[in-house]
>>> print(open('input.pdb').read())   # PDB, C-alpha atoms
ATOM      1  CA  MET A   1      16.510  76.622 150.018
ATOM      2  CA  SER A   2      14.253  76.941 147.014
ATOM      3  CA  THR A   3      12.086  74.225 145.581
ATOM      4  CA  LEU A   4      14.381  74.099 142.588
ATOM      5  CA  GLU A   5      17.430  73.344 144.661
ATOM      6  CA  ASN A   6      15.551  70.806 146.770
ATOM      7  CA  ASN A   7      14.518  68.996 143.667
ATOM      8  CA  TYR A   8      17.927  69.355 142.085
ATOM      9  CA  ARG A   9      19.312  66.542 144.183
ATOM     10  CA  SER A  10      16.421  64.173 143.721
ATOM     11  CA  PRO A  11      17.244  61.029 141.702
ATOM     12  CA  ASP A  12      13.826  61.054 140.090
ATOM     13  CA  HIS A  13      14.447  64.561 139.029
ATOM     14  CA  GLU A  14      17.253  63.526 136.724
ATOM     15  CA  ALA A  15      15.012  61.013 134.982
ATOM     16  CA  LEU A  16      12.355  63.663 134.654
ATOM     17  CA  GLU A  17      14.862  66.091 133.221
ATOM     18  CA  ALA A  18      16.039  63.499 130.715
ATOM     19  CA  ARG A  19      12.477  62.767 129.650
ATOM     20  CA  PHE A  20      11.738  66.434 129.231
ATOM     21  CA  ALA A  21      14.995  66.960 127.329
ATOM     22  CA  ARG A  22      14.214  64.092 124.974
ATOM     23  CA  GLY A  23      10.862  65.669 124.244
ATOM     24  CA  ILE A  24      12.519  68.981 123.495
ATOM     25  CA  VAL A  25      15.162  67.544 121.195
ATOM     26  CA  ALA A  26      12.550  65.502 119.363
ATOM     27  CA  ARG A  27      10.865  68.789 118.506
ATOM     28  CA  LEU A  28      14.202  70.325 117.605
ATOM     29  CA  SER A  29      14.919  67.454 115.237
ATOM     30  CA  GLU A  30      11.514  67.870 113.689
ATOM     31  CA  HIS A  31      12.135  71.569 113.244
ATOM     32  CA  ALA A  32      15.642  71.011 111.883
ATOM     33  CA  ASP A  33      14.278  68.635 109.268
ATOM     34  CA  HIS A  34      12.324  71.499 107.759
ATOM     35  CA  ILE A  35      15.231  73.694 106.838
ATOM     36  CA  ALA A  36      15.173  75.911 103.775
ATOM     37  CA  PRO A  37      15.953  74.145 100.480
ATOM     38  CA  ASP A  38      18.915  76.410  99.764
ATOM     39  CA  VAL A  39      20.424  75.587 103.150
ATOM     40  CA  ALA A  40      19.885  71.881 102.543
ATOM     41  CA  GLU A  41      21.505  72.235  99.139
ATOM     42  CA  ARG A  42      24.530  74.042 100.555
ATOM     43  CA  LEU A  43      24.870  71.389 103.235
ATOM     44  CA  ARG A  44      24.741  68.705 100.577
ATOM     45  CA  PHE A  45      27.387  70.545  98.588
ATOM     46  CA  ALA A  46      29.567  70.897 101.691
ATOM     47  CA  ARG A  47      29.181  67.199 102.426
ATOM     48  CA  GLU A  48      30.178  66.246  98.907
ATOM     49  CA  LYS A  49      33.209  68.502  99.083
ATOM     50  CA  ALA A  50      34.196  66.907 102.368
ATOM     51  CA  VAL A  51      33.875  63.399 100.974
ATOM     52  CA  GLU A  52      35.882  64.482  97.943
ATOM     53  CA  ALA A  53      38.544  65.912 100.239
ATOM     54  CA  ALA A  54      38.694  62.623 102.128
ATOM     55  CA  ARG A  55      39.057  60.769  98.845
ATOM     56  CA  ARG A  56      41.894  63.105  97.846
ATOM     57  CA  VAL A  57      43.681  62.587 101.146
ATOM     58  CA  ARG A  58      43.359  58.814 100.833
ATOM     59  CA  ALA A  59      44.612  58.918  97.246
ATOM     60  CA  ALA A  60      47.565  61.060  98.271
ATOM     61  CA  GLY A  61      48.363  58.628 101.070
ATOM     62  CA  GLN A  62      48.221  55.689  98.695
ATOM     63  CA  ALA A  63      50.374  57.497  96.139
ATOM     64  CA  GLN A  64      52.932  58.175  98.835
ATOM     65  CA  GLY A  65      52.868  54.476  99.730
ATOM     66  CA  VAL A  66      53.371  53.544  96.093
ATOM     67  CA  GLY A  67      56.245  56.005  95.874
ATOM     68  CA  VAL A  68      57.947  54.494  98.859
ATOM     69  CA  THR A  69      57.364  51.000  97.513
ATOM     70  CA  GLY A  70      58.717  52.034  94.129
ATOM     71  CA  GLU A  71      61.823  53.466  95.696
ATOM     72  CA  GLY A  72      62.243  50.231  97.618
ATOM     73  CA  ALA A  73      61.961  48.253  94.399
ATOM     74  CA  LEU A  74      64.439  50.572  92.733
ATOM     75  CA  VAL A  75      66.913  50.088  95.536
ATOM     76  CA  ALA A  76      66.385  46.357  95.519
ATOM     77  CA  GLY A  77      66.687  46.032  91.716
ATOM     78  CA  PHE A  78      69.611  48.312  91.197
ATOM     79  CA  SER A  79      71.343  48.041  94.512
ATOM     80  CA  ARG A  80      74.621  46.917  92.957
ATOM     81  CA  SER A  81      74.788  49.840  90.548
ATOM     82  CA  ARG A  82      73.957  52.248  93.383
ATOM     83  CA  TRP A  83      76.826  50.814  95.405
ATOM     84  CA  TRP A  84      79.113  51.228  92.440
ATOM     85  CA  LEU A  85      77.963  54.782  92.070
ATOM     86  CA  ARG A  86      78.791  55.447  95.706
ATOM     87  CA  ILE A  87      82.188  53.779  95.305
ATOM     88  CA  ALA A  88      82.832  55.728  92.128
ATOM     89  CA  SER A  89      81.984  58.985  93.864
ATOM     90  CA  ALA A  90      84.447  58.098  96.654
ATOM     91  CA  LEU A  91      87.261  57.258  94.222
ATOM     92  CA  PRO A  92      88.580  60.809  93.648
ATOM     93  CA  LEU A  93      88.869  61.337  97.384
ATOM     94  CA  ALA A  94      90.708  58.038  97.786
ATOM     95  CA  ALA A  95      93.030  58.956  94.903
ATOM     96  CA  LEU A  96      93.755  62.328  96.511
ATOM     97  CA  VAL A  97      94.607  60.708  99.861
ATOM     98  CA  ALA A  98      96.782  58.094  98.153
ATOM     99  CA  GLY A  99      98.564  60.803  96.189
ATOM    100  CA  LEU A 100      99.293  62.813  99.321
ATOM    101  CA  LEU A 101     100.660  59.705 101.041
ATOM    102  CA  LEU A 102     102.880  58.954  98.020
ATOM    103  CA  ILE A 103     104.212  62.504  97.952
ATOM    104  CA  GLN A 104     105.005  62.338 101.650
ATOM    105  CA  ASP A 105     106.765  59.012 101.179
ATOM    106  CA  TRP A 106     108.751  60.347  98.218
ATOM    107  CA  GLN A 107     109.869  63.358 100.231
ATOM    108  CA  ASN A 108     110.951  61.136 103.122
ATOM    109  CA  ARG A 109     112.926  58.939 100.784
ATOM    110  CA  SER A 110     114.546  62.008  99.175
ATOM    111  CA  GLN A 111     115.581  63.413 102.527
ATOM    112  CA  VAL A 112     116.953  60.059 103.593
ATOM    113  CA  SER A 113     118.813  59.751 100.285
ATOM    114  CA  VAL A 114     120.367  63.230 100.572
ATOM    115  CA  ALA A 115     121.394  62.534 104.152
ATOM    116  CA  ALA A 116     122.878  59.204 103.095
ATOM    117  CA  GLU A 117     124.896  60.887 100.337
ATOM    118  CA  VAL A 118     126.234  63.477 102.774
ATOM    119  CA  ASP A 119     127.070  60.768 105.291
ATOM    120  CA  ALA A 120     128.740  58.668 102.580
ATOM    121  CA  ALA A 121     130.770  61.651 101.373
ATOM    122  CA  LEU A 122     131.854  62.454 104.893
ATOM    123  CA  LEU A 123     132.761  58.881 105.685
ATOM    124  CA  GLY A 124     134.475  58.344 102.310
ATOM    125  CA  ASP A 125     136.561  61.524 102.463
ATOM    126  CA  ASP A 126     140.246  61.454 103.312
ATOM    127  CA  LEU A 127     139.647  64.027 105.964
ATOM    128  CA  PRO A 128     138.740  62.360 109.264
ATOM    129  CA  ILE A 129     135.298  63.276 110.514
ATOM    130  CA  ASN A 130     136.675  64.351 113.851
ATOM    131  CA  ALA A 131     138.348  67.216 112.057
ATOM    132  CA  TYR A 132     134.955  68.940 111.863
ATOM    133  CA  ARG A 133     134.911  69.033 115.675
ATOM    134  CA  ASP A 134     138.006  71.157 115.659
ATOM    135  CA  PRO A 135     136.964  74.827 116.042
ATOM    136  CA  GLY A 136     140.001  76.049 114.199
ATOM    137  CA  PHE A 137     139.224  73.883 111.191
ATOM    138  CA  VAL A 138     135.617  75.070 111.247
ATOM    139  CA  GLU A 139     136.814  78.675 111.251
ATOM    140  CA  TYR A 140     139.087  77.778 108.344
ATOM    141  CA  LEU A 141     136.146  76.412 106.402
ATOM    142  CA  LYS A 142     134.029  79.504 107.165
ATOM    143  CA  ALA A 143     136.677  81.904 106.161
ATOM    144  CA  PRO A 144     136.536  83.099 102.584
ATOM    145  CA  PRO A 145     139.167  81.617 100.408
ATOM    146  CA  ALA A 146     142.250  83.712 100.248
ATOM    147  CA  ASP A 147     142.947  85.328  96.931
ATOM    148  CA  GLU A 148     145.650  83.453  95.179
TER
ATOM    149  CA  MET B 149      39.295  53.732 108.503
ATOM    150  CA  ALA B 150      35.881  55.121 107.524
ATOM    151  CA  THR B 151      34.903  54.541 103.908
ATOM    152  CA  ASP B 152      33.550  57.264 101.661
ATOM    153  CA  LYS B 153      30.063  55.921 102.134
ATOM    154  CA  GLU B 154      30.383  55.776 105.900
ATOM    155  CA  LEU B 155      31.702  59.313 105.935
ATOM    156  CA  ALA B 156      28.965  60.570 103.635
ATOM    157  CA  ASP B 157      26.252  58.821 105.641
ATOM    158  CA  PHE B 158      27.628  60.158 108.877
ATOM    159  CA  LEU B 159      27.832  63.716 107.600
ATOM    160  CA  LYS B 160      24.345  63.477 106.198
ATOM    161  CA  SER B 161      23.037  62.306 109.549
ATOM    162  CA  VAL B 162      24.575  65.182 111.493
ATOM    163  CA  GLU B 163      24.744  68.093 109.087
ATOM    164  CA  LYS B 164      21.380  69.640 109.912
ATOM    165  CA  ARG B 165      21.859  69.408 113.643
ATOM    166  CA  ALA B 166      25.377  70.754 113.324
ATOM    167  CA  TRP B 167      24.085  73.665 111.285
ATOM    168  CA  LYS B 168      21.393  74.414 113.849
ATOM    169  CA  ARG B 169      23.945  74.293 116.635
ATOM    170  CA  ALA B 170      26.120  76.732 114.749
ATOM    171  CA  VAL B 171      23.128  78.987 114.057
ATOM    172  CA  TYR B 172      22.307  79.005 117.757
ATOM    173  CA  ALA B 173      25.872  80.003 118.523
ATOM    174  CA  VAL B 174      26.602  82.617 115.870
ATOM    175  CA  ARG B 175      23.043  83.668 115.021
ATOM    176  CA  ASP B 176      23.904  83.893 111.367
ATOM    177  CA  GLU B 177      22.743  81.207 108.952
ATOM    178  CA  ASP B 178      25.419  81.856 106.325
ATOM    179  CA  ALA B 179      28.190  81.912 108.881
ATOM    180  CA  ALA B 180      26.787  78.708 110.362
ATOM    181  CA  LEU B 181      26.927  77.077 106.942
ATOM    182  CA  ASP B 182      30.540  78.134 106.586
ATOM    183  CA  ILE B 183      31.317  76.712 110.000
ATOM    184  CA  VAL B 184      29.705  73.370 109.206
ATOM    185  CA  GLN B 185      31.444  73.185 105.856
ATOM    186  CA  ASP B 186      34.756  74.025 107.493
ATOM    187  CA  ALA B 187      34.162  71.361 110.133
ATOM    188  CA  MET B 188      33.290  68.773 107.502
ATOM    189  CA  ILE B 189      36.451  69.510 105.539
ATOM    190  CA  ARG B 190      38.592  69.420 108.667
ATOM    191  CA  LEU B 191      37.104  66.079 109.661
ATOM    192  CA  SER B 192      37.655  64.658 106.190
ATOM    193  CA  GLU B 193      41.182  65.893 105.756
ATOM    194  CA  LYS B 194      42.600  65.297 109.217
ATOM    195  CA  TYR B 195      40.694  62.310 110.534
ATOM    196  CA  VAL B 196      40.030  60.299 107.411
ATOM    197  CA  ASP B 197      42.055  57.421 108.842
ATOM    198  CA  ARG B 198      39.902  57.154 111.963
ATOM    199  CA  PRO B 199      37.249  54.460 112.280
ATOM    200  CA  ALA B 200      33.665  55.471 111.650
ATOM    201  CA  ALA B 201      32.743  54.975 115.306
ATOM    202  CA  GLU B 202      35.027  57.835 116.328
ATOM    203  CA  LEU B 203      33.562  60.332 113.888
ATOM    204  CA  PRO B 204      30.636  61.636 115.985
ATOM    205  CA  LEU B 205      32.727  62.819 118.909
ATOM    206  CA  LEU B 206      35.438  64.177 116.647
ATOM    207  CA  PHE B 207      32.927  66.052 114.550
ATOM    208  CA  GLN B 208      31.195  67.637 117.533
ATOM    209  CA  ARG B 209      34.511  68.836 118.822
ATOM    210  CA  ILE B 210      35.501  70.186 115.431
ATOM    211  CA  VAL B 211      32.221  72.054 115.098
ATOM    212  CA  SER B 212      32.781  73.603 118.522
ATOM    213  CA  ASN B 213      36.320  74.604 117.576
ATOM    214  CA  ALA B 214      35.214  75.931 114.204
ATOM    215  CA  THR B 215      32.582  78.021 115.945
ATOM    216  CA  MET B 216      35.187  79.430 118.291
ATOM    217  CA  ASP B 217      37.436  80.135 115.328
ATOM    218  CA  TRP B 218      34.623  82.040 113.695
ATOM    219  CA  PHE B 219      34.238  84.203 116.765
ATOM    220  CA  ARG B 220      37.959  84.818 116.835
ATOM    221  CA  ARG B 221      37.965  85.784 113.204
ATOM    222  CA  GLN B 222      35.132  88.169 113.745
ATOM    223  CA  LYS B 223      37.039  89.761 116.588
ATOM    224  CA  VAL B 224      33.970  90.050 118.720
ATOM    225  CA  ARG B 225      35.596  88.908 121.901
ATOM    226  CA  ASN B 226      33.030  90.707 124.003
ATOM    227  CA  GLN B 227      30.284  88.827 122.301
ATOM    228  CA  VAL B 228      32.105  85.563 122.891
ATOM    229  CA  VAL B 229      32.496  86.341 126.542
ATOM    230  CA  ARG B 230      28.848  87.257 126.798
ATOM    231  CA  ASN B 231      27.626  84.219 124.911
ATOM    232  CA  PHE B 232      29.925  81.703 126.494
ATOM    233  CA  SER B 233      29.738  82.926 130.042
ATOM    234  CA  GLU B 234      27.299  81.737 132.593
ATOM    235  CA  PHE B 235      24.129  83.659 133.176
ATOM    236  CA  GLU B 236      22.957  82.249 136.428
ATOM    237  CA  SER B 237      19.290  82.460 137.094
ATOM    238  CA  ALA B 238      18.846  80.201 140.050
ATOM    239  CA  ALA B 239      17.781  83.061 142.266
ATOM    240  CA  GLY B 240      14.259  84.328 142.180
ATOM    241  CA  ASP B 241      12.533  81.070 141.416
ATOM    242  CA  GLY B 242      10.057  81.725 144.152
ATOM    243  CA  ASP B 243       7.378  79.113 144.253
ATOM    244  CA  PHE B 244       8.137  77.811 140.789
ATOM    245  CA  ASP B 245       7.917  74.030 141.125
ATOM    246  CA  ILE B 246      10.289  72.584 138.569
ATOM    247  CA  LEU B 247       9.236  68.997 139.204
ATOM    248  CA  GLU B 248       5.618  69.745 138.560
ATOM    249  CA  THR B 249       6.481  71.818 135.526
ATOM    250  CA  LEU B 250       8.798  69.226 134.029
ATOM    251  CA  GLU B 251       6.267  66.500 134.582
ATOM    252  CA  SER B 252       3.480  68.408 132.953
ATOM    253  CA  LEU B 253       5.625  69.744 130.138
ATOM    254  CA  GLY B 254       7.128  66.360 129.513
ATOM    255  CA  SER B 255       3.705  64.845 129.212
ATOM    256  CA  SER B 256       2.558  67.589 126.915
ATOM    257  CA  LEU B 257       5.574  67.217 124.686
ATOM    258  CA  GLU B 258       5.218  63.486 124.451
ATOM    259  CA  SER B 259       1.481  63.432 123.993
ATOM    260  CA  GLU B 260       1.494  66.542 121.818
ATOM    261  CA  SER B 261      -1.555  67.826 123.664
ATOM    262  CA  ALA B 262      -0.132  71.350 123.507
ATOM    263  CA  ALA B 263      -0.735  71.275 119.782
ATOM    264  CA  GLU B 264      -4.441  71.565 120.597
ATOM    265  CA  SER B 265      -4.036  75.181 121.646
ATOM    266  CA  VAL B 266      -1.024  76.309 119.587
ATOM    267  CA  SER B 267      -0.177  75.256 116.090
ATOM    268  CA  ARG B 268       2.556  72.681 115.773
ATOM    269  CA  ALA B 269       4.809  74.950 113.758
ATOM    270  CA  GLN B 270       4.469  77.685 116.339
ATOM    271  CA  ILE B 271       5.429  75.305 119.121
ATOM    272  CA  LEU B 272       8.440  74.140 117.202
ATOM    273  CA  GLN B 273       9.494  77.718 116.572
ATOM    274  CA  ILE B 274       8.995  78.692 120.214
ATOM    275  CA  ILE B 275      11.081  75.740 121.386
ATOM    276  CA  ASP B 276      13.721  76.634 118.837
ATOM    277  CA  ASP B 277      13.769  80.226 120.031
ATOM    278  CA  GLU B 278      13.994  79.244 123.672
ATOM    279  CA  VAL B 279      16.881  76.893 122.992
ATOM    280  CA  ALA B 280      18.593  79.712 121.118
ATOM    281  CA  ARG B 281      18.137  81.968 124.139
ATOM    282  CA  LEU B 282      19.931  79.602 126.489
ATOM    283  CA  PRO B 283      23.382  80.638 127.648
ATOM    284  CA  ALA B 284      25.895  79.179 125.238
ATOM    285  CA  ARG B 285      27.511  76.668 127.565
ATOM    286  CA  GLN B 286      24.158  75.406 128.780
ATOM    287  CA  ARG B 287      22.882  75.122 125.235
ATOM    288  CA  GLU B 288      26.042  73.375 124.094
ATOM    289  CA  ALA B 289      25.848  70.842 126.903
ATOM    290  CA  PHE B 290      22.122  70.311 126.394
ATOM    291  CA  LEU B 291      22.427  69.793 122.645
ATOM    292  CA  LEU B 292      25.458  67.548 122.802
ATOM    293  CA  ARG B 293      24.052  65.468 125.612
ATOM    294  CA  TYR B 294      20.487  65.041 124.400
ATOM    295  CA  TRP B 295      20.406  65.971 120.717
ATOM    296  CA  GLU B 296      23.685  64.431 119.664
ATOM    297  CA  GLU B 297      23.157  61.709 122.260
ATOM    298  CA  LEU B 298      26.692  61.846 123.607
ATOM    299  CA  ASP B 299      27.135  60.507 127.099
ATOM    300  CA  VAL B 300      28.248  62.747 129.935
ATOM    301  CA  ALA B 301      31.932  61.867 129.543
ATOM    302  CA  GLU B 302      31.875  62.455 125.786
ATOM    303  CA  THR B 303      30.054  65.744 126.232
ATOM    304  CA  ALA B 304      32.611  66.824 128.807
ATOM    305  CA  ALA B 305      35.441  65.865 126.477
ATOM    306  CA  SER B 306      33.849  67.739 123.608
ATOM    307  CA  MET B 307      33.277  70.850 125.696
ATOM    308  CA  GLY B 308      36.569  70.676 127.517
ATOM    309  CA  CYS B 309      35.031  70.723 130.970
ATOM    310  CA  SER B 310      34.303  68.313 133.803
ATOM    311  CA  GLU B 311      31.469  65.814 133.836
ATOM    312  CA  GLY B 312      30.009  67.611 136.833
ATOM    313  CA  SER B 313      29.872  70.819 134.829
ATOM    314  CA  VAL B 314      28.073  69.021 132.025
ATOM    315  CA  LYS B 315      25.432  67.735 134.427
ATOM    316  CA  THR B 316      25.020  71.179 135.910
ATOM    317  CA  HIS B 317      24.762  72.859 132.505
ATOM    318  CA  CYS B 318      22.238  70.294 131.295
ATOM    319  CA  SER B 319      20.130  70.551 134.408
ATOM    320  CA  ARG B 320      20.066  74.327 134.275
ATOM    321  CA  ALA B 321      19.230  74.272 130.574
ATOM    322  CA  VAL B 322      16.300  71.953 131.214
ATOM    323  CA  HIS B 323      15.073  74.127 134.060
ATOM    324  CA  ALA B 324      15.379  77.268 131.969
ATOM    325  CA  LEU B 325      13.507  75.694 129.062
ATOM    326  CA  ALA B 326      10.792  74.315 131.294
ATOM    327  CA  LYS B 327      10.258  77.672 132.906
ATOM    328  CA  ALA B 328      10.298  79.552 129.615
ATOM    329  CA  LEU B 329       7.919  77.142 127.904
ATOM    330  CA  LYS B 330       5.546  77.266 130.798
ATOM    331  CA  ALA B 331       5.599  81.030 130.644
ATOM    332  CA  LYS B 332       4.728  80.805 126.931
ATOM    333  CA  GLY B 333       1.751  78.677 127.771
ATOM    334  CA  ILE B 334       3.062  75.497 126.296
ATOM    335  CA  ALA B 335       1.623  73.343 129.009
ATOM    336  CA  PRO B 336      -1.604  71.434 129.555
TER
END
>>> encode(input="input.pdb", output="structure tokens")
Amino acid sequence: MSTLENNYRSPDHEALEARFARGIVARLSEHADHIAPDVAERLRFAREKAVEAARRVRAAGQAQGVGVTGEGALVAGFSRSRWWLRIASALPLAALVAGLLLIQDWQNRSQVSVAAEVDAALLGDDLPINAYRDPGFVEYLKAPPADE
Amino acid sequence: MATDKELADFLKSVEKRAWKRAVYAVRDEDAALDIVQDAMIRLSEKYVDRPAAELPLLFQRIVSNATMDWFRRQKVRNQVVRNFSEFESAAGDGDFDILETLESLGSSLESESAAESVSRAQILQIIDDEVARLPARQREAFLLRYWEELDVAETAASMGCSEGSVKTHCSRAVHALAKALKAKGIAP
């Protein structure tokens, strides 16, 4: 096993690594601080655009909140009229249903009335109703009237 | 929710490091600027409602994702595989004593005694170059852990790997840097 791998498991080694790494990154930070002016300027521009984007997103979120609140106020302030609007929009449908029901009822009454008239005529006739059960009489009725 | 000032201060504090990280990854300063700008906008637009304390981890993750997106857009999958794969170099260390090297290099870095033989700017550039030469995953772990000062769990979350992998990547990065810097003569 190499020296490297022997040392790899040593607890002190980790502390030593961290100390070395901190030294390295301190130099990296120092080097990064001396970036070209045009790069620094572009980074500044990018940062400002990002902050502006965040501001836009926040503003949009707030506007959405205001919109929702406004709608809530609208509903609360004009709730009665909105209900009337909904009722008014349902009225034609209700009228149609009521009309259909009336037509059905009228037809029923008509049928009942016609049947009642027939029954009344049959019952009020001089001819007894049992005569219609006589096949000969039925044949007589079906037969065309004889030429006089 | 982070205020505009908190967001601006945060971005200002991380923008240079983020740019350097992106430069290390894509090796193109303009592309790195685009990546950082894209990451800043994404952070601002999507996570504006998050508290300021959550911004660092979110931003590091976004920068990593934006970098990956850049690679995807460039359709250089082979380069991605090469850059983001592991280049193991544990073998062949021979008698190289990492403890001794780290100790001496650490002292030199902290005491700046190496500046006596090499100019400060040259040392900074050499360190920068050696960090850039690290395998991508090692460099990412090293920079997130020590430069961005994320803890191991945060680094793992940002990189999408286990904490054990982060420790391994960091350790190997430190070893590689120590060895490379010693080879460059940056040692007492």
>>> axis_aligned_box(input="input.pdb", around="range 183-200 of chain B", padding_each_side="8 Å", output="JSON")
{"center_x": 36.2, "center_y": 65.6, "center_z": 108.9, "size_x": 28.9, "size_y": 38.3, "size_z": 22.7}
>>> atom_distance(input="input.pdb", atom1="CA of Gln222 in chain B", atom2="CA of Tyr195 in chain B")
26.6 Å
>>> atom_distance(input="input.pdb", atom1="CA of Ala116 in chain A", atom2="CA of Pro128 in chain A")
17.3 Å
>>> closest_residue(input="input.pdb", among="B:Ser319, B:Ser306, B:Ser313, B:Gln208", to="Arg190 in chain B", atoms="all atoms listed in the file")
B:Gln208
>>> interface_residues(input="input.pdb", of="chain A", to="chain B", cutoff="7 Å", atoms="all atoms listed in the file", output="ChimeraX atom specification")
/A:2-4,7,13,16-17,19-23,25,27-28,31-32,43,46-47,50-51,53-54,57
>>> atom_distance(input="input.pdb", atom1="CA of Tyr172 in chain B", atom2="CA of Val211 in chain B")
12.4 Å
>>> residues_around(input="input.pdb", residues="Ala289 in chain B", least_positions_apart="3", cutoff="8 Å", atoms="only C-alpha atoms", output="ChimeraX atom specification")
/B:285-286,292-293,303,307,314,317-318
>>> residues_near_point(input="input.pdb", point="(37.9, 53.7, 111.5)", cutoff="6 Å", atoms="only C-alpha atoms", output="ChimeraX atom specification")
/B:149-150,198-200
